[in-house]
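Below you'll find the structure, written out as structure tokens, and then a few comments.
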Amino acid sequence: SQQGEEDPQALSIQEGENATMNCSYKTSINNLQWYRQNSGRGLVHLILIRSNEREKHSGRLRVTLDTSKKSSSLLITASRAADTASYFCATDATENQGGKLIFGQGTELSVKP
Amino acid sequence: GAVVSQHPSRVICKSGTSVKIECRSLDFQATTMFWYRQFPKQSLMLMATSNEGSKATYEQGVEKDKFLINHASLTLSTLTVTSAHPEDSSFYICSASYRGSGNTIYFGEGSWLTVV
């Protein structure tokens, strides 16, 4: 399977704490994207990091990419109860047609008030 | 911004019947659309790539005769689940891109299919 792996599978933290999720993938990529999904809903695009970038910030989100280790991390700082959701990384592989994303297994984040 | 719309958002059908799900790009021409399936508590699994005017490319393990994909125009792709069974109950979600969108992928809101 091309699907990448994410850890942890589930993460439970208190409001105000930071949450870190990790993603590993298998192939060479053009970019890696992080998405959020509330239960039973569609995807929300959070951030895209290109293969030649190592770190990217967007508000309370910080994403790192290590192409030598084929891994990425998503850090959510000062978490809020509203951050409770599933988070997925998705890779756009160089060998694939543009737009074809392969998703990781996801991390289910629970932020307790 | 670009919007992708799916319809219906929820559908219940009887076992053995067929059901069609539509994916429309509302304000751009989608040269390529992708269909994913997501079972509860699981990740999205790519089913097929749909290119306008040509046959869809299915991922390994996806039955092309069961999941019919048609991309007849640059703004519409349809997924038909034929002879549906309860195990086909899932969340189906499409995405779309176009030449010039760079790396931006636009996702629909998804369609819940329940087969009873």
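Letters A, B, ... go to the chains of the structure tokens in the order shown; residues in each chain start at 1; ligands are counted from 1 in the same order.
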Practice prompt. Compute the chain B side of the contact with chain A at 9 Å, counting only C-alpha atoms, and hand it back as a PyMOL selection string.
Written response: chain B and resi 32-34+40-46+49+91+93+95-98+102-112
Item to complete: May I have the residues within 6 Å of Pro86 (chain B) as a list in words, using only C-alpha atoms and disregarding those fewer than 2 positions away in the same chain?
Response: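 Selected residues are Asp88, Ser89, Val115 and Val116 of chain B.
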Write the residues of the preceding selection, restricted to all heavy atoms, as an mmCIF file, in the first residue's frame.
```cif
data_model
loop_
_atom_site.group_PDB
_atom_site.id
_atom_site.type_symbol
_atom_site.label_atom_id
_atom_site.label_comp_id
_atom_site.auth_asym_id
_atom_site.auth_seq_id
_atom_site.Cartn_x
_atom_site.Cartn_y
_atom_site.Cartn_z
ATOM 1 N N ASP B 88 -20.783 -1.719 1.102
ATOM 2 C CA ASP B 88 -20.429 -0.523 0.327
ATOM 3 C C ASP B 88 -20.786 0.762 1.075
ATOM 4 O O ASP B 88 -20.447 1.862 0.625
ATOM 5 C CB ASP B 88 -21.144 -0.519 -1.030
ATOM 6 C CG ASP B 88 -20.755 -1.692 -1.900
ATOM 7 O OD1 ASP B 88 -19.563 -2.080 -1.860
ATOM 8 O OD2 ASP B 88 -21.632 -2.237 -2.598
ATOM 9 N N SER B 89 -21.477 0.602 2.193
ATOM 10 C CA SER B 89 -21.831 1.772 3.000
ATOM 11 C C SER B 89 -20.548 2.462 3.443
ATOM 12 O O SER B 89 -19.666 1.847 4.046
ATOM 13 C CB SER B 89 -22.645 1.343 4.227
ATOM 14 O OG SER B 89 -23.855 0.734 3.829
ATOM 15 N N VAL B 115 -26.330 1.503 2.713
ATOM 16 C CA VAL B 115 -27.036 0.463 1.967
ATOM 17 C C VAL B 115 -27.722 -0.449 2.975
ATOM 18 O O VAL B 115 -27.064 -1.022 3.852
ATOM 19 C CB VAL B 115 -26.078 -0.349 1.083
ATOM 20 C CG1 VAL B 115 -26.860 -1.357 0.237
ATOM 21 C CG2 VAL B 115 -25.260 0.574 0.185
ATOM 22 N N VAL B 116 -29.046 -0.561 2.846
ATOM 23 C CA VAL B 116 -29.802 -1.354 3.821
ATOM 24 C C VAL B 116 -30.378 -2.628 3.186
ATOM 25 O O VAL B 116 -30.436 -2.733 1.971
ATOM 26 C CB VAL B 116 -30.937 -0.517 4.443
ATOM 27 C CG1 VAL B 116 -30.359 0.664 5.196
ATOM 28 C CG2 VAL B 116 -31.919 -0.049 3.365
#
```
Need the shell around Gly53 (chain B): protein/DNA/RNA residues with any atom at most 8 Å away, counting only C-alpha atoms. Skip same-chain ones fewer than 5 positions apart. Format as a short mmCIF file (atom, residue, chain, number, x, y, z; two decimals) with N, CA and C atoms, in the first residue's frame?
```cif
data_model
loop_
_atom_site.label_atom_id
_atom_site.label_comp_id
_atom_site.auth_asym_id
_atom_site.auth_seq_id
_atom_site.Cartn_x
_atom_site.Cartn_y
_atom_site.Cartn_z
N HIS B 71 -16.77 10.98 -16.42
CA HIS B 71 -16.33 12.38 -16.35
C HIS B 71 -16.61 13.00 -17.71
N ALA B 72 -17.90 13.20 -17.95
CA ALA B 72 -18.34 13.58 -19.29
C ALA B 72 -18.09 15.05 -19.63
N SER B 73 -17.94 15.86 -18.61
CA SER B 73 -17.69 17.27 -18.88
C SER B 73 -16.62 17.78 -17.93
#
```
Worksheet entry | Straight-line distance linking CA of Lys55 (chain B) with CA of Thr31 (chain B), stated in Å to one decimal | 12.8 Å
Item to complete: Between CA of Thr77 (chain A) and CA of Gln9 (chain A), measure the distance and give it in Å to one decimal.
Response: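 Here the two named atoms are 18.7 Å from each other.
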Worksheet item: Which polymer residues have any atom within 7 Å of an atom of Ser5 (chain B), counting only C-alpha atoms, with same-chain residues fewer than 2 positions away left out, as a list in words?
Response: Val3, His7, Cys23, Arg24, Ser25, Leu26, Gly108 and Glu109 of chain B
Output of the above residues as a PDB file, in the first residue's frame, restricted to N, CA and C atoms:
```pdb
ATOM      1  N   VAL B   3     -14.798  26.005  -5.684  1.00  0.00           N
ATOM      2  CA  VAL B   3     -15.712  25.185  -4.886  1.00  0.00           C
ATOM      3  C   VAL B   3     -16.040  23.916  -5.631  1.00  0.00           C
ATOM      4  N   HIS B   7     -23.246  15.780  -4.507  1.00  0.00           N
ATOM      5  CA  HIS B   7     -24.667  15.556  -4.296  1.00  0.00           C
ATOM      6  C   HIS B   7     -25.015  14.104  -4.581  1.00  0.00           C
ATOM      7  N   CYS B  23     -20.190  14.882  -8.520  1.00  0.00           N
ATOM      8  CA  CYS B  23     -19.143  15.786  -8.052  1.00  0.00           C
ATOM      9  C   CYS B  23     -19.012  16.885  -9.092  1.00  0.00           C
ATOM     10  N   ARG B  24     -19.286  18.104  -8.696  1.00  0.00           N
ATOM     11  CA  ARG B  24     -19.265  19.237  -9.625  1.00  0.00           C
ATOM     12  C   ARG B  24     -18.263  20.295  -9.185  1.00  0.00           C
ATOM     13  N   SER B  25     -17.534  20.795 -10.138  1.00  0.00           N
ATOM     14  CA  SER B  25     -16.710  21.966  -9.877  1.00  0.00           C
ATOM     15  C   SER B  25     -17.549  23.171 -10.280  1.00  0.00           C
ATOM     16  N   LEU B  26     -17.781  24.066  -9.334  1.00  0.00           N
ATOM     17  CA  LEU B  26     -18.762  25.124  -9.549  1.00  0.00           C
ATOM     18  C   LEU B  26     -18.215  26.341 -10.295  1.00  0.00           C
ATOM     19  N   GLY B 108     -14.727  18.044  -2.271  1.00  0.00           N
ATOM     20  CA  GLY B 108     -16.147  18.171  -2.028  1.00  0.00           C
ATOM     21  C   GLY B 108     -16.444  17.889  -0.568  1.00  0.00           C
ATOM     22  N   GLU B 109     -17.706  18.083  -0.192  1.00  0.00           N
ATOM     23  CA  GLU B 109     -18.104  17.885   1.197  1.00  0.00           C
ATOM     24  C   GLU B 109     -18.362  16.426   1.544  1.00  0.00           C
TER      25      GLU B 109
END
```
Discussion item. Report as number ranges by chain all protein, DNA and RNA residues lying within 12 Å of region 10-12 of chain A, evaluated on only C-alpha atoms, omitting residues in the same chain fewer than 2 positions from it.
Written reply: A: 6-8, 14-15, 17-22, 79-81, 83-88, 105-113; B: 41
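For Ser54 (chain B), the list of residues within 10 Å, based on only C-alpha atoms and with local chain neighbours fewer than 2 positions off taken out, reads Ser50, Asn51, Glu52, Ala56, Thr57, Asn70, His71 and Ala72 of chain B.
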Keeping only N, CA, C and O atoms, write those residues as a PDB file, in the first residue's frame.
```
ATOM      1  N   SER B  50     -10.211  10.311 -12.358  1.00  0.00           N
ATOM      2  CA  SER B  50     -11.150  10.538 -13.450  1.00  0.00           C
ATOM      3  C   SER B  50     -10.677  11.714 -14.294  1.00  0.00           C
ATOM      4  O   SER B  50     -10.553  12.827 -13.800  1.00  0.00           O
ATOM      5  N   ASN B  51     -10.383  11.449 -15.549  1.00  0.00           N
ATOM      6  CA  ASN B  51      -9.960  12.492 -16.477  1.00  0.00           C
ATOM      7  C   ASN B  51     -11.068  12.760 -17.471  1.00  0.00           C
ATOM      8  O   ASN B  51     -11.671  11.822 -18.005  1.00  0.00           O
ATOM      9  N   GLU B  52     -11.343  14.015 -17.708  1.00  0.00           N
ATOM     10  CA  GLU B  52     -12.415  14.388 -18.609  1.00  0.00           C
ATOM     11  C   GLU B  52     -12.203  13.801 -19.992  1.00  0.00           C
ATOM     12  O   GLU B  52     -11.116  13.913 -20.566  1.00  0.00           O
ATOM     13  N   ALA B  56     -11.668   6.218 -16.601  1.00  0.00           N
ATOM     14  CA  ALA B  56     -11.063   6.419 -15.289  1.00  0.00           C
ATOM     15  C   ALA B  56      -9.957   5.394 -15.048  1.00  0.00           C
ATOM     16  O   ALA B  56      -9.981   4.292 -15.600  1.00  0.00           O
ATOM     17  N   THR B  57      -9.019   5.781 -14.244  1.00  0.00           N
ATOM     18  CA  THR B  57      -7.944   4.882 -13.829  1.00  0.00           C
ATOM     19  C   THR B  57      -8.224   4.446 -12.411  1.00  0.00           C
ATOM     20  O   THR B  57      -8.276   5.279 -11.502  1.00  0.00           O
ATOM     21  N   ASN B  70     -17.808   8.324 -14.450  1.00  0.00           N
ATOM     22  CA  ASN B  70     -17.989   9.027 -15.716  1.00  0.00           C
ATOM     23  C   ASN B  70     -17.611  10.487 -15.535  1.00  0.00           C
ATOM     24  O   ASN B  70     -18.050  11.143 -14.605  1.00  0.00           O
ATOM     25  N   HIS B  71     -16.770  10.983 -16.421  1.00  0.00           N
ATOM     26  CA  HIS B  71     -16.334  12.379 -16.350  1.00  0.00           C
ATOM     27  C   HIS B  71     -16.611  13.003 -17.708  1.00  0.00           C
ATOM     28  O   HIS B  71     -15.700  13.270 -18.476  1.00  0.00           O
ATOM     29  N   ALA B  72     -17.898  13.203 -17.952  1.00  0.00           N
ATOM     30  CA  ALA B  72     -18.339  13.584 -19.293  1.00  0.00           C
ATOM     31  C   ALA B  72     -18.089  15.046 -19.627  1.00  0.00           C
ATOM     32  O   ALA B  72     -18.059  15.422 -20.793  1.00  0.00           O
TER      33      ALA B  72
END
```
Discussion item. Write out as JSON, numbers by chain the set of residues from region 24-115 of chain B that DSSP, computed on the backbone, places in strand (DSSP E or B).
Written reply: {"B": [24, 25, 32, 33, 34, 35, 36, 37, 38, 44, 45, 46, 47, 48, 49, 50, 51, 57, 58, 67, 68, 69, 70, 71, 72, 73, 76, 77, 78, 79, 80, 81, 90, 91, 92, 93, 94, 95, 96, 97, 106, 107, 111, 112, 113, 114, 115]}
Worksheet item: To one decimal place, how far is CA of Met47 (chain B) from CA of Cys94 (chain B) in Å?
Response: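 Here the two named atoms are 9.8 Å from each other.
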